[in-house]
Amino acid sequence: MIEEGNIDLFEKYQHDDLTSDEKKAFEARLVYDSEFKESYEKYLRVGEGISEHYRSELKNKLKDFDKQLSEKKKFSYWKLTGAIAAVFILGITITRLFSTNNYETIVTNHWKKETGLPVKMSTKGKYDDAMNAFKMEEWSTCIKELQPLQTDTANYYLGLSYYEIKEYQKAIATFEQIPSTSNYIHNAQFRLGLLYLLSNLPKDIEKATNLFQQLSIHTEHPELVQSAKIILEKIK
Amino acid sequence: MKQTNYKDIFKQIRAGEEAPIFEMYKNFHKEFLKWSTYQFKATEDQSKDAFQEAILDFYQNVISGHLTVLTCSLKTYLFEIGKHKLLNIQKKEARLTYNDTIQLIDNGEFESFMDEEKKEYTQEQISQALEKLPTDCQEVLKLYYFKEYDMESISREMNYKNADTAKSKKSLCMKRLIQELAKLSKVFIL
């Protein structure tokens with residue numbers, strides 16, 4: 001405990017405001033009066049504590065500043081990583097968009113319209129209703145008529161109908177069912193190649209490339225050979 | 001900053017600015033971290049702590065007028081203090097690891113340990129009591145004990161009439177602080 005009455009005395013001693021005799025008496029008391037000495041030491045320790053308090057305060061400011069520097073560094077790191085990722089994603093998106101647009105253009109330019117099978121007026125054939133719908137571009141009716149027929153011809157026109165309603169996966173599945181012995185095989189494969197291009201997936205582009213390569217060496221369909229070569233040149 | 005004359009830094013610090021210490025920290029702390037990690041196998045925390053202490057020592061030495069001239073570069077000065085601070089931190093941490101075995105505490109350290117015990121007021125209590133004082137009291141005590149200003153400088157800084165007024169104010173503030181501490185001690189005992 002620091003006696004309140006002693007504080008003035010301690011202050012005067014500290015600021016050298018005691019007379020020579022008072023100073024001597026003070027210092028002598030520090031020697032013989034242990035309680036007085038202890039009280040003075042405590043008073044001095046309070047002073048040290050004050051200094052320590054403000055030092056800690058300033059140190060905390062330095063610690064906060066250090067944190068800010070680290071966060072800034074982290075932020076810069078994440079900002080840089082983010083920017084790289086953004087550029088990368090943007091690059092991929094643009095490339096994909098560009099190639100998608102590019103492939104779409106190829107498909108649109110090379111997807112030839114079929115006129116459909118002739119429909120006889122005298123006798124009713126099994127494809128008549130489907131072909132009438134095909135010519136009228138009534139795709140859902142056409143699909144409904146062709147589905148039960150399960151022939152290469154039906155499948156070829158079914159694939160074309162699916163393409164028209166943008167059911168590309170169903171079109172692919174349908175064209176893939178046409179056997180290699182069918183009269184429609186080369187046309188089906190050509191269209192299959194175009195449909196693979198539309199998916200824009202690397203594995204499908206590879207499949208399309210293989211198909212167009214095979215078609216480019218077939219002499220039976222010169223128009224397909226020519227188109228396949230042009231497409232191969234474009235997707236190279 | 002690296003090109004700034006140390007005398008300008010001294011001037012700014014003596015004028016009461018704290019900005020130079022943050023600038024110094026920003027400029028040198030990474031290098032100190034690298035150097036101390038390599039030279040003394042310091043951890044990042046130890047290194048930062050030591051360098052912050054070095055900066056504070058520098059600041060207190062300049063503001064109190066104990067340091068007026070640098071005979072080496074500012075960086076060398078800070079690194080030298082930082083090195084000693086770091087070695088003390090490492091020594092202290094090693095000691096703390098074994099402080100449950102009293103035999104490992106030598107005489108000097110044992111006395112210092114006892115000194116801590118004899119302290120009537122904890123640092124936390126002193127900080128709490130200080131915060132209860134009016135702002136002008138806090139400022140006077142800060143100027144006297146932390147910045148080590150003389151009474152003349154305090155009176156100038158605080159716009160008091162003269163050094164005697166500053167002295168009376170400081171004395172009054174100390175009394176109030178000790179009263180606050182006494183209150184806190186009673187609360188603690190209860």
# chains A, B, ... in the order shown; residues from 1 in each chain; ligands from 1
$ interface_residues --of "chain B" --to "chain A" --cutoff "6 Å" --atoms "only C-alpha atoms" --output "list of chain:residue names"
B:Gln123, B:Ser127, B:Tyr145, B:Phe146
$ residues_around --residues "segment 109-115 of chain A" --least-positions-apart "4" --cutoff "10 Å" --atoms "only C-alpha atoms" --output "PyMOL selection string"
chain A and resi 103-105+131+134-135+157+160+163+190-191+194-195+224+227-228+230-231
$ write_last_selection --atoms "C-alpha atoms" --output "compact mmCIF listing (two decimals), in the first residue's frame"
# COMPACT_ATOMS: atom_id res chain seq x y z
CA TYR A 103 -18.73 -25.47 -85.35
CA GLU A 104 -22.33 -24.27 -85.45
CA THR A 105 -21.54 -22.38 -88.65
CA MET A 131 -43.14 -38.34 -95.15
CA PHE A 134 -41.70 -34.53 -92.86
CA LYS A 135 -42.49 -32.40 -95.91
CA TYR A 157 -35.47 -39.62 -91.21
CA LEU A 160 -33.20 -35.72 -89.28
CA TYR A 163 -32.09 -32.55 -85.45
CA PHE A 190 -21.78 -37.43 -92.27
CA ARG A 191 -24.65 -36.06 -90.21
CA LEU A 194 -21.79 -32.76 -87.81
CA LEU A 195 -23.78 -33.58 -84.66
CA LEU A 224 -19.77 -35.98 -99.14
CA SER A 227 -17.69 -31.56 -97.81
CA ALA A 228 -15.75 -33.86 -95.46
CA ILE A 230 -13.64 -28.87 -96.36
CA ILE A 231 -14.83 -29.58 -92.81
$ residues_around --residues "Ala129 of chain B" --least-positions-apart "3" --cutoff "9 Å" --atoms "only C-alpha atoms" --output "VMD selection string"
chain B and resid 124 to 126 132 to 133 176 to 181 183 to 184
$ write_last_selection --atoms "N, CA and C atoms" --output "mmCIF file, in the first residue's frame"
data_model
loop_
_atom_site.group_PDB
_atom_site.id
_atom_site.type_symbol
_atom_site.label_atom_id
_atom_site.label_comp_id
_atom_site.auth_asym_id
_atom_site.auth_seq_id
_atom_site.Cartn_x
_atom_site.Cartn_y
_atom_site.Cartn_z
ATOM 1 N N GLU B 124 -2.039 -5.243 -15.487
ATOM 2 C CA GLU B 124 -3.430 -5.119 -15.912
ATOM 3 C C GLU B 124 -4.159 -4.076 -15.054
ATOM 4 N N GLN B 125 -3.889 -4.114 -13.737
ATOM 5 C CA GLN B 125 -4.520 -3.146 -12.836
ATOM 6 C C GLN B 125 -4.066 -1.725 -13.153
ATOM 7 N N ILE B 126 -2.770 -1.583 -13.417
ATOM 8 C CA ILE B 126 -2.249 -0.239 -13.739
ATOM 9 C C ILE B 126 -2.916 0.276 -15.022
ATOM 10 N N LYS B 132 -9.092 4.954 -16.305
ATOM 11 C CA LYS B 132 -10.145 5.649 -15.546
ATOM 12 C C LYS B 132 -9.809 7.124 -15.301
ATOM 13 N N LEU B 133 -8.582 7.504 -15.590
ATOM 14 C CA LEU B 133 -8.163 8.896 -15.351
ATOM 15 C C LEU B 133 -8.653 9.814 -16.470
ATOM 16 N N ARG B 176 -4.298 10.414 -8.032
ATOM 17 C CA ARG B 176 -5.565 9.850 -8.530
ATOM 18 C C ARG B 176 -5.360 8.424 -9.038
ATOM 19 N N LEU B 177 -4.230 8.221 -9.678
ATOM 20 C CA LEU B 177 -3.948 6.872 -10.203
ATOM 21 C C LEU B 177 -3.799 5.871 -9.058
ATOM 22 N N ILE B 178 -3.080 6.290 -8.020
ATOM 23 C CA ILE B 178 -2.863 5.389 -6.887
ATOM 24 C C ILE B 178 -4.184 5.123 -6.147
ATOM 25 N N GLN B 179 -5.045 6.140 -6.106
ATOM 26 C CA GLN B 179 -6.382 5.935 -5.500
ATOM 27 C C GLN B 179 -7.168 4.897 -6.311
ATOM 28 N N GLU B 180 -7.112 5.037 -7.625
ATOM 29 C CA GLU B 180 -7.819 4.073 -8.489
ATOM 30 C C GLU B 180 -7.265 2.666 -8.295
ATOM 31 N N LEU B 181 -5.945 2.607 -8.159
ATOM 32 C CA LEU B 181 -5.302 1.299 -7.954
ATOM 33 C C LEU B 181 -5.723 0.687 -6.626
ATOM 34 N N LYS B 183 -8.532 1.185 -5.146
ATOM 35 C CA LYS B 183 -9.915 0.695 -5.320
ATOM 36 C C LYS B 183 -9.904 -0.670 -6.005
ATOM 37 N N LEU B 184 -9.091 -0.750 -7.046
ATOM 38 C CA LEU B 184 -9.024 -2.016 -7.797
ATOM 39 C C LEU B 184 -8.496 -3.156 -6.937
#
$ select_by_dssp --residues "chain B" --states "alpha helix (DSSP H)" --output "mmCIF file with C-alpha atoms, in the first residue's frame"
data_model
loop_
_atom_site.group_PDB
_atom_site.id
_atom_site.type_symbol
_atom_site.label_atom_id
_atom_site.label_comp_id
_atom_site.auth_asym_id
_atom_site.auth_seq_id
_atom_site.Cartn_x
_atom_site.Cartn_y
_atom_site.Cartn_z
ATOM 1 C CA TYR B 6 17.995 9.667 -39.724
ATOM 2 C CA LYS B 7 18.016 13.221 -38.398
ATOM 3 C CA ASP B 8 14.697 13.828 -40.149
ATOM 4 C CA ILE B 9 13.277 10.734 -38.489
ATOM 5 C CA PHE B 10 14.548 11.938 -35.117
ATOM 6 C CA LYS B 11 12.944 15.308 -35.752
ATOM 7 C CA GLN B 12 9.583 13.790 -36.680
ATOM 8 C CA ILE B 13 9.586 11.466 -33.663
ATOM 9 C CA ARG B 14 10.525 14.288 -31.311
ATOM 10 C CA ALA B 19 4.331 7.575 -38.533
ATOM 11 C CA PRO B 20 8.122 7.051 -38.896
ATOM 12 C CA ILE B 21 8.031 3.897 -36.753
ATOM 13 C CA PHE B 22 5.449 2.281 -39.036
ATOM 14 C CA GLU B 23 7.456 3.335 -42.052
ATOM 15 C CA MET B 24 10.628 1.825 -40.525
ATOM 16 C CA TYR B 25 8.770 -1.372 -39.689
ATOM 17 C CA LYS B 26 7.420 -1.629 -43.214
ATOM 18 C CA ASN B 27 10.844 -1.064 -44.741
ATOM 19 C CA PHE B 28 12.942 -3.399 -42.631
ATOM 20 C CA HIS B 29 10.762 -6.091 -41.046
ATOM 21 C CA LYS B 30 10.882 -8.548 -43.935
ATOM 22 C CA GLU B 31 14.654 -8.350 -44.129
ATOM 23 C CA PHE B 32 14.957 -8.784 -40.380
ATOM 24 C CA LEU B 33 12.635 -11.792 -40.528
ATOM 25 C CA LYS B 34 14.752 -13.407 -43.241
ATOM 26 C CA TRP B 35 18.019 -12.603 -41.473
ATOM 27 C CA SER B 36 16.909 -13.713 -38.008
ATOM 28 C CA THR B 37 15.305 -16.902 -39.297
ATOM 29 C CA TYR B 38 18.511 -17.819 -41.076
ATOM 30 C CA GLN B 39 21.017 -16.614 -38.456
ATOM 31 C CA PHE B 40 19.236 -17.509 -35.222
ATOM 32 C CA GLU B 44 8.214 -15.833 -37.412
ATOM 33 C CA ASP B 45 6.503 -14.799 -34.160
ATOM 34 C CA GLN B 46 9.806 -14.447 -32.296
ATOM 35 C CA SER B 47 11.281 -12.413 -35.109
ATOM 36 C CA LYS B 48 8.309 -10.070 -35.367
ATOM 37 C CA ASP B 49 8.178 -9.633 -31.597
ATOM 38 C CA ALA B 50 11.898 -8.832 -31.426
ATOM 39 C CA PHE B 51 11.776 -6.356 -34.269
ATOM 40 C CA GLN B 52 8.729 -4.596 -32.819
ATOM 41 C CA GLU B 53 10.576 -4.318 -29.493
ATOM 42 C CA ALA B 54 13.635 -2.931 -31.279
ATOM 43 C CA ILE B 55 11.531 -0.279 -32.981
ATOM 44 C CA LEU B 56 9.939 0.650 -29.647
ATOM 45 C CA ASP B 57 13.355 0.942 -27.979
ATOM 46 C CA PHE B 58 14.535 3.142 -30.801
ATOM 47 C CA TYR B 59 11.410 5.290 -30.498
ATOM 48 C CA GLN B 60 11.729 5.654 -26.727
ATOM 49 C CA ASN B 61 15.438 6.409 -26.956
ATOM 50 C CA VAL B 62 14.846 9.104 -29.539
ATOM 51 C CA ILE B 63 11.835 10.699 -27.895
ATOM 52 C CA SER B 64 13.460 10.750 -24.471
ATOM 53 C CA LEU B 74 19.455 3.074 -39.042
ATOM 54 C CA LYS B 75 19.067 -0.503 -40.302
ATOM 55 C CA THR B 76 22.243 -1.672 -38.531
ATOM 56 C CA TYR B 77 21.077 -0.009 -35.329
ATOM 57 C CA LEU B 78 17.636 -1.637 -35.474
ATOM 58 C CA PHE B 79 19.033 -5.052 -36.414
ATOM 59 C CA GLU B 80 21.533 -4.919 -33.551
ATOM 60 C CA ILE B 81 18.854 -4.126 -30.955
ATOM 61 C CA GLY B 82 16.534 -6.641 -32.635
ATOM 62 C CA LYS B 83 19.197 -9.330 -32.354
ATOM 63 C CA HIS B 84 19.536 -8.818 -28.591
ATOM 64 C CA LYS B 85 15.782 -8.697 -28.159
ATOM 65 C CA LEU B 86 15.493 -11.934 -30.109
ATOM 66 C CA LEU B 87 18.142 -13.708 -28.050
ATOM 67 C CA ASN B 88 16.353 -12.604 -24.860
ATOM 68 C CA ILE B 89 13.024 -13.848 -26.191
ATOM 69 C CA GLN B 90 14.542 -17.199 -27.110
ATOM 70 C CA LYS B 91 16.251 -17.458 -23.717
ATOM 71 C CA LYS B 92 13.012 -16.568 -21.925
ATOM 72 C CA GLU B 93 11.011 -19.095 -23.914
ATOM 73 C CA ALA B 94 13.585 -21.808 -23.215
ATOM 74 C CA ARG B 95 13.469 -20.904 -19.514
ATOM 75 C CA LEU B 96 9.705 -21.016 -19.415
ATOM 76 C CA THR B 97 9.829 -24.527 -20.759
ATOM 77 C CA TYR B 98 11.667 -25.631 -17.627
ATOM 78 C CA ASN B 107 19.872 -16.770 -8.236
ATOM 79 C CA GLY B 108 19.392 -13.653 -10.375
ATOM 80 C CA GLU B 109 16.373 -15.079 -12.080
ATOM 81 C CA PHE B 110 14.925 -16.262 -8.792
ATOM 82 C CA GLU B 111 15.190 -12.708 -7.400
ATOM 83 C CA SER B 112 13.510 -11.300 -10.433
ATOM 84 C CA PHE B 113 10.794 -13.951 -10.080
ATOM 85 C CA MET B 114 10.301 -12.877 -6.449
ATOM 86 C CA ASP B 115 10.246 -9.205 -7.512
ATOM 87 C CA GLU B 116 7.293 -9.984 -9.699
ATOM 88 C CA GLU B 117 5.549 -11.542 -6.719
ATOM 89 C CA LYS B 118 6.277 -8.506 -4.507
ATOM 90 C CA GLN B 123 0.214 -4.460 -15.133
ATOM 91 C CA GLU B 124 -3.430 -5.119 -15.912
ATOM 92 C CA GLN B 125 -4.520 -3.146 -12.836
ATOM 93 C CA ILE B 126 -2.249 -0.239 -13.739
ATOM 94 C CA SER B 127 -3.676 -0.205 -17.277
ATOM 95 C CA GLN B 128 -7.235 -0.337 -15.953
ATOM 96 C CA ALA B 129 -6.565 2.472 -13.458
ATOM 97 C CA LEU B 130 -4.938 4.632 -16.137
ATOM 98 C CA GLU B 131 -7.973 4.307 -18.342
ATOM 99 C CA LYS B 132 -10.145 5.649 -15.546
ATOM 100 C CA THR B 135 -7.476 12.421 -20.623
ATOM 101 C CA ASP B 136 -5.180 15.254 -19.537
ATOM 102 C CA CYS B 137 -3.902 13.142 -16.635
ATOM 103 C CA GLN B 138 -3.276 10.199 -18.943
ATOM 104 C CA GLU B 139 -1.368 12.471 -21.306
ATOM 105 C CA VAL B 140 0.788 14.029 -18.559
ATOM 106 C CA LEU B 141 1.722 10.622 -17.172
ATOM 107 C CA MET B 151 8.559 19.284 -16.773
ATOM 108 C CA GLU B 152 9.405 22.172 -19.049
ATOM 109 C CA SER B 153 8.568 20.100 -22.138
ATOM 110 C CA ILE B 154 5.369 18.809 -20.537
ATOM 111 C CA SER B 155 4.188 22.326 -19.763
ATOM 112 C CA ARG B 156 4.925 23.311 -23.387
ATOM 113 C CA GLU B 157 3.182 20.261 -24.784
ATOM 114 C CA MET B 158 0.147 20.630 -22.533
ATOM 115 C CA ALA B 163 7.043 23.667 -15.285
ATOM 116 C CA ASP B 164 5.694 24.019 -11.740
ATOM 117 C CA THR B 165 2.125 23.795 -12.998
ATOM 118 C CA ALA B 166 3.098 20.648 -14.890
ATOM 119 C CA LYS B 167 4.718 19.247 -11.749
ATOM 120 C CA SER B 168 1.603 19.897 -9.659
ATOM 121 C CA LYS B 169 -0.583 18.354 -12.334
ATOM 122 C CA LYS B 170 1.626 15.277 -12.544
ATOM 123 C CA SER B 171 1.597 14.906 -8.766
ATOM 124 C CA LEU B 172 -2.187 15.201 -8.689
ATOM 125 C CA CYS B 173 -2.532 12.642 -11.466
ATOM 126 C CA MET B 174 -0.273 10.187 -9.644
ATOM 127 C CA LYS B 175 -2.421 10.507 -6.530
ATOM 128 C CA ARG B 176 -5.565 9.850 -8.530
ATOM 129 C CA LEU B 177 -3.948 6.872 -10.203
ATOM 130 C CA ILE B 178 -2.863 5.389 -6.887
ATOM 131 C CA GLN B 179 -6.382 5.935 -5.500
ATOM 132 C CA GLU B 180 -7.819 4.073 -8.489
ATOM 133 C CA LEU B 181 -5.302 1.299 -7.954
ATOM 134 C CA ALA B 182 -6.251 1.062 -4.289
ATOM 135 C CA LYS B 183 -9.915 0.695 -5.320
ATOM 136 C CA LEU B 184 -9.024 -2.016 -7.797
ATOM 137 C CA SER B 185 -6.947 -3.861 -5.187
ATOM 138 C CA LYS B 186 -9.876 -3.824 -2.757
ATOM 139 C CA VAL B 187 -12.184 -5.218 -5.404
ATOM 140 C CA PHE B 188 -9.610 -7.872 -6.118
ATOM 141 C CA ILE B 189 -9.312 -8.816 -2.406
#
